[in-house]
file coords.cif (mmCIF, C-alpha atoms (C1' of nucleotides))
data_protein
loop_
_atom_site.label_atom_id
_atom_site.label_comp_id
_atom_site.auth_asym_id
_atom_site.auth_seq_id
_atom_site.Cartn_x
_atom_site.Cartn_y
_atom_site.Cartn_z
CA MET A 1 -20.63 28.38 -21.48
CA CYS A 2 -23.54 27.83 -19.13
CA THR A 3 -26.02 25.33 -20.50
CA ILE A 4 -29.20 25.89 -18.61
CA MET A 5 -31.60 23.02 -18.02
CA LYS A 6 -34.22 23.29 -15.39
CA SER A 7 -34.77 19.59 -14.83
CA THR A 8 -33.98 17.94 -11.57
CA ILE A 9 -31.96 14.76 -11.47
CA CYS A 10 -33.88 11.60 -12.51
CA PRO A 11 -35.25 9.60 -9.55
CA LYS A 12 -33.71 6.32 -10.67
CA TYR A 13 -30.32 7.95 -10.99
CA GLU A 14 -30.81 9.51 -7.63
CA ALA A 15 -31.73 6.19 -6.04
CA ALA A 16 -28.73 4.52 -7.68
CA PHE A 17 -26.32 7.19 -6.48
CA SER A 18 -27.78 7.16 -2.98
CA LEU A 19 -26.97 3.49 -2.78
CA LEU A 20 -23.74 3.22 -4.74
CA GLY A 21 -22.50 6.47 -3.28
CA LYS A 22 -22.49 5.15 0.26
CA ARG A 23 -19.16 4.72 1.90
CA TRP A 24 -17.58 1.28 1.27
CA ILE A 25 -20.30 0.02 -1.04
CA GLY A 26 -18.18 0.32 -4.18
CA MET A 27 -15.29 -1.49 -2.61
CA ILE A 28 -17.41 -4.29 -1.22
CA ILE A 29 -18.91 -4.91 -4.64
CA LYS A 30 -15.51 -4.75 -6.29
CA VAL A 31 -14.08 -7.34 -3.91
CA LEU A 32 -17.07 -9.62 -4.43
CA PHE A 33 -16.62 -9.21 -8.14
CA ASP A 34 -13.16 -10.67 -7.79
CA GLY A 35 -14.74 -13.68 -6.09
CA SER A 36 -17.38 -14.63 -3.56
CA CYS A 37 -16.00 -14.70 -0.07
CA ARG A 38 -16.51 -14.66 3.65
CA PHE A 39 -16.94 -11.87 6.13
CA LYS A 40 -13.37 -11.97 7.30
CA ASP A 41 -12.06 -11.99 3.73
CA LEU A 42 -13.98 -8.83 2.93
CA ASN A 43 -12.73 -7.37 6.15
CA GLU A 44 -9.12 -8.15 5.22
CA ARG A 45 -9.31 -7.09 1.60
CA ILE A 46 -10.93 -3.75 2.21
CA PRO A 47 -8.39 -1.64 4.08
CA ASN A 48 -9.67 0.19 7.14
CA ILE A 49 -13.28 -0.87 7.04
CA SER A 50 -14.63 -1.64 10.49
CA GLN A 51 -16.46 -4.86 11.19
CA LYS A 52 -19.41 -2.90 12.42
CA VAL A 53 -19.88 -0.98 9.20
CA LEU A 54 -19.06 -4.00 7.08
CA ALA A 55 -21.83 -5.94 8.80
CA GLU A 56 -24.23 -3.04 8.29
CA ARG A 57 -23.37 -2.68 4.61
CA LEU A 58 -23.70 -6.38 3.93
CA LYS A 59 -27.19 -6.30 5.38
CA GLU A 60 -28.10 -3.29 3.27
CA LEU A 61 -26.72 -4.88 0.13
CA GLU A 62 -28.54 -8.09 0.83
CA GLY A 63 -31.69 -6.11 1.60
CA CYS A 64 -31.68 -4.43 -1.78
CA GLY A 65 -30.79 -7.58 -3.63
CA LEU A 66 -27.25 -6.85 -4.74
CA ILE A 67 -25.63 -9.65 -2.84
CA GLN A 68 -26.72 -12.91 -1.29
CA ARG A 69 -25.68 -14.55 1.95
CA GLU A 70 -25.44 -18.29 1.97
CA CYS A 71 -24.48 -20.55 4.79
CA GLY A 72 -23.73 -24.13 3.91
CA ASP A 73 -24.63 -26.72 6.53
CA GLU A 74 -21.08 -27.83 7.21
CA LYS A 75 -19.96 -28.21 10.78
CA PRO A 76 -18.25 -24.87 11.43
CA VAL A 77 -20.80 -22.64 9.78
CA LYS A 78 -19.30 -21.03 6.73
CA ILE A 79 -21.04 -18.00 5.38
CA ILE A 80 -20.37 -16.97 1.83
CA TYR A 81 -21.29 -13.61 0.35
CA SER A 82 -21.69 -13.34 -3.39
CA LEU A 83 -23.16 -11.02 -5.98
CA THR A 84 -26.61 -11.56 -7.41
CA GLN A 85 -27.38 -10.79 -11.05
CA LYS A 86 -28.33 -7.28 -10.02
CA GLY A 87 -24.90 -6.92 -8.45
CA ARG A 88 -23.06 -8.54 -11.34
CA ASP A 89 -24.78 -6.13 -13.67
CA LEU A 90 -22.62 -3.42 -12.17
CA GLN A 91 -19.68 -4.80 -14.10
CA LEU A 92 -19.60 -1.94 -16.60
CA VAL A 93 -19.69 0.56 -13.76
CA LEU A 94 -16.76 -1.10 -12.02
CA GLU A 95 -14.80 -1.36 -15.25
CA ALA A 96 -15.41 2.28 -16.03
CA VAL A 97 -14.30 3.31 -12.56
CA GLY A 98 -11.22 1.11 -12.94
CA THR A 99 -10.25 2.70 -16.23
CA TRP A 100 -10.79 6.16 -14.89
CA ALA A 101 -8.80 5.38 -11.76
CA GLU A 102 -5.90 4.09 -13.85
CA ASN A 103 -5.89 7.25 -15.90
CA TRP A 104 -6.41 9.83 -13.24
CA MET A 105 -5.62 8.54 -9.80
CA ASN A 106 -2.03 8.91 -8.85
CA GLN A 107 -0.51 8.54 -5.45
CA SER A 108 -0.51 12.31 -4.87
CA ASP A 109 -4.31 12.28 -4.93
CA GLN A 110 -4.66 10.04 -1.93
CA HIS A 111 -5.62 11.95 1.16
CA MET B 1 -18.30 -21.51 -5.46
CA CYS B 2 -15.82 -19.53 -3.41
CA THR B 3 -13.03 -18.13 -5.52
CA ILE B 4 -10.22 -17.35 -3.17
CA MET B 5 -7.82 -14.52 -3.91
CA LYS B 6 -5.70 -13.06 -1.19
CA SER B 7 -5.04 -9.68 -2.78
CA THR B 8 -6.29 -6.50 -1.26
CA ILE B 9 -8.11 -3.96 -3.33
CA CYS B 10 -5.89 -1.88 -5.68
CA PRO B 11 -4.92 1.52 -4.22
CA LYS B 12 -6.08 3.47 -7.26
CA TYR B 13 -9.46 1.79 -7.14
CA GLU B 14 -9.61 2.48 -3.47
CA ALA B 15 -8.79 6.15 -3.96
CA ALA B 16 -11.39 6.41 -6.71
CA PHE B 17 -14.09 4.81 -4.60
CA SER B 18 -13.22 6.92 -1.59
CA LEU B 19 -13.84 10.00 -3.67
CA LEU B 20 -16.70 8.94 -5.92
CA GLY B 21 -18.33 7.04 -3.09
CA LYS B 22 -18.86 10.13 -1.00
CA ARG B 23 -22.38 11.27 -0.48
CA TRP B 24 -23.67 13.62 -3.23
CA ILE B 25 -20.53 13.48 -5.36
CA GLY B 26 -22.11 11.32 -8.06
CA MET B 27 -25.13 13.53 -8.32
CA ILE B 28 -23.12 16.73 -8.46
CA ILE B 29 -21.05 15.36 -11.31
CA LYS B 30 -24.14 14.09 -13.10
CA VAL B 31 -25.81 17.49 -12.93
CA LEU B 32 -22.67 19.23 -14.16
CA PHE B 33 -22.53 16.73 -16.98
CA ASP B 34 -25.92 17.94 -18.10
CA GLY B 35 -24.50 21.46 -18.20
CA SER B 36 -22.26 23.83 -16.31
CA CYS B 37 -24.17 25.83 -13.78
CA ARG B 38 -24.29 27.98 -10.70
CA PHE B 39 -24.41 27.16 -7.03
CA LYS B 40 -28.13 27.69 -6.72
CA ASP B 41 -28.83 25.59 -9.81
CA LEU B 42 -26.96 22.65 -8.31
CA ASN B 43 -28.80 23.25 -5.08
CA GLU B 44 -32.15 23.15 -6.87
CA ARG B 45 -31.43 20.22 -9.13
CA ILE B 46 -30.11 17.93 -6.44
CA PRO B 47 -33.02 17.15 -4.15
CA ASN B 48 -32.35 17.48 -0.44
CA ILE B 49 -28.72 18.48 -0.55
CA SER B 50 -27.91 21.17 2.00
CA GLN B 51 -26.05 24.29 1.01
CA LYS B 52 -23.45 23.53 3.62
CA VAL B 53 -22.54 20.15 2.20
CA LEU B 54 -22.86 21.36 -1.38
CA ALA B 55 -20.32 24.09 -0.66
CA GLU B 56 -18.01 21.55 0.97
CA ARG B 57 -18.27 19.10 -1.91
CA LEU B 58 -17.66 21.75 -4.53
CA LYS B 59 -14.46 22.71 -2.76
CA GLU B 60 -13.37 19.09 -2.56
CA LEU B 61 -14.15 18.49 -6.22
CA GLU B 62 -12.30 21.62 -7.20
CA GLY B 63 -9.42 20.62 -4.95
CA CYS B 64 -8.97 17.30 -6.68
CA GLY B 65 -9.38 18.76 -10.13
CA LEU B 66 -12.74 17.33 -11.17
CA ILE B 67 -14.49 20.64 -11.51
CA GLN B 68 -13.52 24.25 -11.97
CA ARG B 69 -14.98 27.37 -10.49
CA GLU B 70 -15.04 30.45 -12.67
CA CYS B 71 -16.33 33.88 -11.84
CA GLY B 72 -16.70 36.28 -14.71
CA ASP B 73 -16.09 39.95 -13.88
CA GLU B 74 -19.63 41.07 -14.59
CA LYS B 75 -21.36 43.33 -12.12
CA PRO B 76 -23.41 40.86 -10.09
CA VAL B 77 -20.70 38.24 -9.70
CA LYS B 78 -21.75 35.10 -11.48
CA ILE B 79 -19.95 31.94 -10.51
CA ILE B 80 -20.06 29.00 -12.86
CA TYR B 81 -19.09 25.47 -11.95
CA SER B 82 -18.09 23.11 -14.73
CA LEU B 83 -16.35 19.80 -15.22
CA THR B 84 -12.67 19.59 -16.12
CA GLN B 85 -11.37 16.92 -18.47
CA LYS B 86 -10.80 14.68 -15.46
CA GLY B 87 -14.43 15.12 -14.56
CA ARG B 88 -15.71 14.69 -18.10
CA ASP B 89 -13.75 11.45 -18.29
CA LEU B 90 -16.26 9.99 -15.88
CA GLN B 91 -18.77 9.85 -18.70
CA LEU B 92 -18.59 6.08 -19.07
CA VAL B 93 -19.09 5.67 -15.34
CA LEU B 94 -22.17 7.87 -15.39
CA GLU B 95 -23.56 6.13 -18.44
CA ALA B 96 -23.04 2.73 -16.87
CA VAL B 97 -24.74 3.84 -13.68
CA GLY B 98 -27.58 5.26 -15.76
CA THR B 99 -28.11 2.02 -17.64
CA TRP B 100 -27.98 -0.01 -14.46
CA ALA B 101 -30.40 2.34 -12.74
CA GLU B 102 -32.84 2.02 -15.65
CA ASN B 103 -32.67 -1.74 -15.47
CA TRP B 104 -32.73 -2.28 -11.75
CA MET B 105 -34.03 0.69 -9.88
CA ASN B 106 -37.75 0.76 -9.50
CA GLN B 107 -39.78 2.96 -7.24
CA SER B 108 -40.05 0.24 -4.59
CA ASP B 109 -36.29 0.40 -4.05
CA GLN B 110 -36.30 3.99 -2.91
CA HIS B 111 -35.94 4.34 0.80
"C1'" DG C 1 -33.18 55.99 -1.20
"C1'" DG C 2 -34.70 52.59 1.95
"C1'" DA C 3 -36.85 48.12 1.50
"C1'" DT C 4 -36.88 43.79 -0.64
"C1'" DG C 5 -34.81 40.15 -3.26
"C1'" DA C 6 -31.10 37.16 -5.50
"C1'" DT C 7 -26.75 34.84 -5.17
"C1'" DG C 8 -23.08 32.38 -2.87
"C1'" DC C 9 -21.84 31.15 0.64
"C1'" DT C 10 -20.67 30.64 6.31
"C1'" DT C 11 -21.82 29.79 11.14
"C1'" DA C 12 -23.81 27.68 15.34
"C1'" DC C 13 -26.05 23.94 16.82
"C1'" DT C 14 -28.46 19.17 16.48
"C1'" DT C 15 -28.80 14.64 14.60
"C1'" DT C 16 -26.99 10.80 12.15
"C1'" DT C 17 -23.32 8.03 10.67
"C1'" DT C 18 -18.74 6.04 11.43
"C1'" DG C 19 -15.02 4.43 14.00
"C1'" DT C 20 -12.84 1.90 18.04
"C1'" DA C 21 -12.40 -1.51 21.04
"C1'" DA C 22 -14.10 -4.99 23.46
"C1'" DG C 23 -17.34 -8.80 23.93
"C1'" DT C 24 -19.96 -13.02 22.60
"C1'" DA C 25 -21.55 -17.47 20.87
"C1'" DA C 26 -20.59 -21.49 18.33
"C1'" DC C 27 -17.37 -24.59 16.93
"C1'" DT C 28 -12.10 -26.38 16.20
"C1'" DT C 29 -7.63 -27.26 17.08
"C1'" DT C 30 -3.91 -28.23 20.32
"C1'" DA D 1 -9.24 -27.76 29.04
"C1'" DA D 2 -7.22 -23.69 26.96
"C1'" DA D 3 -6.65 -21.10 23.05
"C1'" DG D 4 -8.06 -19.92 18.33
"C1'" DT D 5 -11.31 -18.97 14.34
"C1'" DT D 6 -15.41 -17.01 12.41
"C1'" DA D 7 -19.19 -13.88 12.26
"C1'" DC D 8 -20.93 -10.82 14.24
"C1'" DT D 9 -22.87 -7.31 18.23
"C1'" DT D 10 -22.52 -3.73 21.68
"C1'" DA D 11 -21.24 0.50 24.16
"C1'" DC D 12 -19.16 4.56 23.69
"C1'" DA D 13 -16.45 8.43 21.17
"C1'" DA D 14 -15.49 11.03 17.01
"C1'" DA D 15 -16.66 12.70 12.57
"C1'" DA D 16 -19.88 13.96 9.09
"C1'" DA D 17 -24.26 15.67 7.67
"C1'" DG D 18 -28.59 18.20 8.37
"C1'" DT D 19 -31.12 22.57 9.89
"C1'" DA D 20 -31.85 27.10 10.22
"C1'" DA D 21 -30.30 31.44 10.45
"C1'" DG D 22 -27.02 34.96 9.11
"C1'" DC D 23 -24.18 37.83 6.03
"C1'" DA D 24 -21.99 40.42 2.28
"C1'" DT D 25 -22.60 42.11 -2.31
"C1'" DC D 26 -25.02 43.68 -5.80
"C1'" DA D 27 -30.09 44.93 -8.24
"C1'" DT D 28 -34.36 46.22 -8.59
"C1'" DC D 29 -38.78 48.26 -6.85
"C1'" DC D 30 -41.75 51.61 -5.07
#
call {"tool": "encode", "arguments": {"input": "coords.cif", "output": "structure tokens"}}
result
Amino acid sequence: MCTIMKSTICPKYEAAFSLLGKRWIGMIIKVLFDGSCRFKDLNERIPNISQKVLAERLKELEGCGLIQRECGDEKPVKIIYSLTQKGRDLQLVLEAVGTWAENWMNQSDQH
Amino acid sequence: MCTIMKSTICPKYEAAFSLLGKRWIGMIIKVLFDGSCRFKDLNERIPNISQKVLAERLKELEGCGLIQRECGDEKPVKIIYSLTQKGRDLQLVLEAVGTWAENWMNQSDQH
DNA sequence: GGATGATGCTTACTTTTTGTAAGTAACTTT
DNA sequence: AAAGTTACTTACAAAAAGTAAGCATCATCC
């Protein structure tokens, strides 16, 4: 019943979970997967996220190369956030979470 | 370049990310995937987690049906934590994270 | 048989992270 | 010229996490 293995968690796994396991990160990536967009779009599409934390997370994600921030040189500056290849490569993760959520998350679980 | 969609994130996705996106949750599930084990084993295998937060997370995970806590009636009480079906169903998620981590996480990313 | 150790936590207190609300700077629309 | 939009930042409060010690229940050691 109790399978004993003395090994500690793999460092790459650990690094991945430390990043992906941060509050809001999953949702930000999911929204960007559905289409590149602007700060205010992210802010609207992710319920309850604060602008402060959204700004922080976007910087973190940009810093570790998951998303990119581009501002065209139009008159009212328009900043677009989009996934990089590293971010797009999370597709299988997002799909797997989606499937699991469909199967196991019902309204009674929300707290 | 900017694909506009006005929809907000799906509630089930949101609920899933709120849970799975909590600090340490991914790692706890990963360790339990490698084998059911005891409190102190989890504590040893997950670097830097505090006993306080580990205890909290285990209660949360039990509360939402991802893991189960069993104590046999042997003399020195031995408590074993293991995944439920709901928890085991996260296999694809864990595998996808593992693959992504292998491809994209190198030592320089750890901070 | 009292001392020491293991296990599975809890408690009190500090530090870090989040949240809230308001503010700001640049530019547009009315 | 006033009011609005976008993309943030800032100051302050609340919540979560970290730290270290404590505790109850057994078990073993001298």
call {"tool": "resolve_selection", "arguments": {"input": "coords.cif", "expression": "the PyMOL selection byres ((chain D and resi 7) around 8)", "output": "MDAnalysis selection string"}}
result
(chainID A and resid 39:40) or (chainID D and resid 6 8)
call {"tool": "write_last_selection", "arguments": {"input": "coords.cif", "atoms": "C-alpha atoms (C1' of nucleotides)", "output": "compact mmCIF listing (two decimals), in the coordinates of the input"}}
result
# COMPACT_ATOMS: atom_id res chain seq x y z
CA PHE A 39 -16.94 -11.87 6.13
CA LYS A 40 -13.37 -11.97 7.30
C1' DT D 6 -15.41 -17.01 12.41
C1' DC D 8 -20.93 -10.82 14.24
call {"tool": "residues_near_point", "arguments": {"input": "coords.cif", "point": "(-16.8, 1.9, -10.9)", "cutoff": "10 Å", "atoms": "all atoms listed in the file", "output": "list in words"}}
result
Leu20, Gly26, Met27, Ile29, Lys30, Leu90, Gln91, Leu92, Val93, Leu94, Glu95, Ala96, Val97, Gly98, Thr99, Trp100 and Ala101 of chain A; Tyr13, Ala16, Phe17, Leu20, Gly21, Leu90, Leu92, Val93, Leu94, Ala96 and Val97 of chain B
call {"tool": "closest_residue", "arguments": {"input": "coords.cif", "among": "B:Val53, B:Leu32, B:Arg88, B:Arg45", "to": "chain A", "atoms": "all atoms listed in the file"}}
result
B:Arg45
call {"tool": "atom_distance", "arguments": {"input": "coords.cif", "atom1": "atom CA of B:Glu56", "atom2": "atom CA of B:Asp73"}}
result
23.7 Å
call {"tool": "closest_residue", "arguments": {"input": "coords.cif", "among": "A:Leu54, A:Cys10, A:Leu19, A:Leu83", "to": "chain C", "atoms": "all atoms listed in the file"}}
result
A:Leu54
call {"tool": "axis_aligned_box", "arguments": {"input": "coords.cif", "around": "stretch 18-29 of chain B", "padding_each_side": "6 Å", "output": "JSON"}}
result
{"center_x": -19.2, "center_y": 11.8, "center_z": -5.9, "size_x": 23.9, "size_y": 21.8, "size_z": 22.8}
call {"tool": "build_atoms", "arguments": {"input": "coords.cif", "residues": "stretch 47-76 of chain A", "atoms": "N, CA and C atoms", "output": "PDB file, in the coordinates of the input"}}
result
ATOM      1  N   PRO A  47      -9.178  -2.271   3.034  1.00  0.00           N
ATOM      2  CA  PRO A  47      -8.390  -1.640   4.080  1.00  0.00           C
ATOM      3  C   PRO A  47      -9.223  -0.665   4.908  1.00  0.00           C
ATOM      4  N   ASN A  48      -9.077  -0.763   6.206  1.00  0.00           N
ATOM      5  CA  ASN A  48      -9.670   0.190   7.140  1.00  0.00           C
ATOM      6  C   ASN A  48     -11.176   0.118   7.378  1.00  0.00           C
ATOM      7  N   ILE A  49     -11.854  -0.793   6.741  1.00  0.00           N
ATOM      8  CA  ILE A  49     -13.280  -0.870   7.040  1.00  0.00           C
ATOM      9  C   ILE A  49     -13.433  -1.524   8.423  1.00  0.00           C
ATOM     10  N   SER A  50     -14.403  -1.045   9.168  1.00  0.00           N
ATOM     11  CA  SER A  50     -14.630  -1.640  10.490  1.00  0.00           C
ATOM     12  C   SER A  50     -15.630  -2.774  10.350  1.00  0.00           C
ATOM     13  N   GLN A  51     -15.545  -3.731  11.256  1.00  0.00           N
ATOM     14  CA  GLN A  51     -16.460  -4.860  11.190  1.00  0.00           C
ATOM     15  C   GLN A  51     -17.896  -4.409  11.364  1.00  0.00           C
ATOM     16  N   LYS A  52     -18.064  -3.417  12.199  1.00  0.00           N
ATOM     17  CA  LYS A  52     -19.410  -2.900  12.420  1.00  0.00           C
ATOM     18  C   LYS A  52     -20.040  -2.393  11.133  1.00  0.00           C
ATOM     19  N   VAL A  53     -19.319  -1.541  10.428  1.00  0.00           N
ATOM     20  CA  VAL A  53     -19.880  -0.980   9.200  1.00  0.00           C
ATOM     21  C   VAL A  53     -19.956  -2.037   8.112  1.00  0.00           C
ATOM     22  N   LEU A  54     -18.995  -2.932   8.074  1.00  0.00           N
ATOM     23  CA  LEU A  54     -19.060  -4.000   7.080  1.00  0.00           C
ATOM     24  C   LEU A  54     -20.340  -4.820   7.274  1.00  0.00           C
ATOM     25  N   ALA A  55     -20.612  -5.173   8.513  1.00  0.00           N
ATOM     26  CA  ALA A  55     -21.830  -5.940   8.800  1.00  0.00           C
ATOM     27  C   ALA A  55     -23.076  -5.164   8.375  1.00  0.00           C
ATOM     28  N   GLU A  56     -23.095  -3.874   8.672  1.00  0.00           N
ATOM     29  CA  GLU A  56     -24.230  -3.040   8.290  1.00  0.00           C
ATOM     30  C   GLU A  56     -24.416  -3.024   6.769  1.00  0.00           C
ATOM     31  N   ARG A  57     -23.303  -2.782   6.069  1.00  0.00           N
ATOM     32  CA  ARG A  57     -23.370  -2.680   4.610  1.00  0.00           C
ATOM     33  C   ARG A  57     -23.805  -3.991   3.970  1.00  0.00           C
ATOM     34  N   LEU A  58     -23.319  -5.091   4.502  1.00  0.00           N
ATOM     35  CA  LEU A  58     -23.700  -6.380   3.930  1.00  0.00           C
ATOM     36  C   LEU A  58     -25.207  -6.593   4.078  1.00  0.00           C
ATOM     37  N   LYS A  59     -25.737  -6.174   5.207  1.00  0.00           N
ATOM     38  CA  LYS A  59     -27.190  -6.300   5.380  1.00  0.00           C
ATOM     39  C   LYS A  59     -27.950  -5.416   4.396  1.00  0.00           C
ATOM     40  N   GLU A  60     -27.457  -4.193   4.225  1.00  0.00           N
ATOM     41  CA  GLU A  60     -28.100  -3.290   3.270  1.00  0.00           C
ATOM     42  C   GLU A  60     -28.069  -3.872   1.866  1.00  0.00           C
ATOM     43  N   LEU A  61     -26.878  -4.344   1.480  1.00  0.00           N
ATOM     44  CA  LEU A  61     -26.720  -4.880   0.130  1.00  0.00           C
ATOM     45  C   LEU A  61     -27.578  -6.111  -0.092  1.00  0.00           C
ATOM     46  N   GLU A  62     -27.691  -6.915   0.944  1.00  0.00           N
ATOM     47  CA  GLU A  62     -28.540  -8.090   0.830  1.00  0.00           C
ATOM     48  C   GLU A  62     -30.008  -7.617   0.736  1.00  0.00           C
ATOM     49  N   GLY A  63     -30.327  -6.638   1.578  1.00  0.00           N
ATOM     50  CA  GLY A  63     -31.690  -6.110   1.600  1.00  0.00           C
ATOM     51  C   GLY A  63     -32.152  -5.567   0.265  1.00  0.00           C
ATOM     52  N   CYS A  64     -31.240  -4.977  -0.491  1.00  0.00           N
ATOM     53  CA  CYS A  64     -31.680  -4.430  -1.780  1.00  0.00           C
ATOM     54  C   CYS A  64     -31.299  -5.349  -2.921  1.00  0.00           C
ATOM     55  N   GLY A  65     -30.943  -6.564  -2.588  1.00  0.00           N
ATOM     56  CA  GLY A  65     -30.790  -7.580  -3.630  1.00  0.00           C
ATOM     57  C   GLY A  65     -29.529  -7.538  -4.466  1.00  0.00           C
ATOM     58  N   LEU A  66     -28.490  -6.880  -3.983  1.00  0.00           N
ATOM     59  CA  LEU A  66     -27.250  -6.850  -4.740  1.00  0.00           C
ATOM     60  C   LEU A  66     -26.338  -8.016  -4.426  1.00  0.00           C
ATOM     61  N   ILE A  67     -26.453  -8.504  -3.213  1.00  0.00           N
ATOM     62  CA  ILE A  67     -25.630  -9.650  -2.840  1.00  0.00           C
ATOM     63  C   ILE A  67     -26.520 -10.694  -2.162  1.00  0.00           C
ATOM     64  N   GLN A  68     -25.997 -11.905  -2.045  1.00  0.00           N
ATOM     65  CA  GLN A  68     -26.720 -12.910  -1.290  1.00  0.00           C
ATOM     66  C   GLN A  68     -25.791 -13.547  -0.264  1.00  0.00           C
ATOM     67  N   ARG A  69     -26.398 -13.968   0.820  1.00  0.00           N
ATOM     68  CA  ARG A  69     -25.680 -14.550   1.950  1.00  0.00           C
ATOM     69  C   ARG A  69     -26.088 -16.001   2.040  1.00  0.00           C
ATOM     70  N   GLU A  70     -25.121 -16.873   1.922  1.00  0.00           N
ATOM     71  CA  GLU A  70     -25.440 -18.290   1.970  1.00  0.00           C
ATOM     72  C   GLU A  70     -24.603 -18.982   3.030  1.00  0.00           C
ATOM     73  N   CYS A  71     -25.262 -19.751   3.865  1.00  0.00           N
ATOM     74  CA  CYS A  71     -24.480 -20.550   4.790  1.00  0.00           C
ATOM     75  C   CYS A  71     -24.716 -22.016   4.507  1.00  0.00           C
ATOM     76  N   GLY A  72     -23.658 -22.683   4.126  1.00  0.00           N
ATOM     77  CA  GLY A  72     -23.730 -24.130   3.910  1.00  0.00           C
ATOM     78  C   GLY A  72     -23.990 -24.782   5.255  1.00  0.00           C
ATOM     79  N   ASP A  73     -24.351 -26.070   5.255  1.00  0.00           N
ATOM     80  CA  ASP A  73     -24.630 -26.720   6.530  1.00  0.00           C
ATOM     81  C   ASP A  73     -23.468 -27.608   6.969  1.00  0.00           C
ATOM     82  N   GLU A  74     -22.268 -27.137   6.691  1.00  0.00           N
ATOM     83  CA  GLU A  74     -21.080 -27.830   7.210  1.00  0.00           C
ATOM     84  C   GLU A  74     -20.986 -27.594   8.713  1.00  0.00           C
ATOM     85  N   LYS A  75     -20.078 -28.301   9.340  1.00  0.00           N
ATOM     86  CA  LYS A  75     -19.960 -28.210  10.780  1.00  0.00           C
ATOM     87  C   LYS A  75     -19.618 -26.801  11.283  1.00  0.00           C
ATOM     88  N   PRO A  76     -18.426 -26.262  10.997  1.00  0.00           N
ATOM     89  CA  PRO A  76     -18.250 -24.870  11.430  1.00  0.00           C
ATOM     90  C   PRO A  76     -18.941 -24.032  10.381  1.00  0.00           C
TER      91      PRO A  76
END
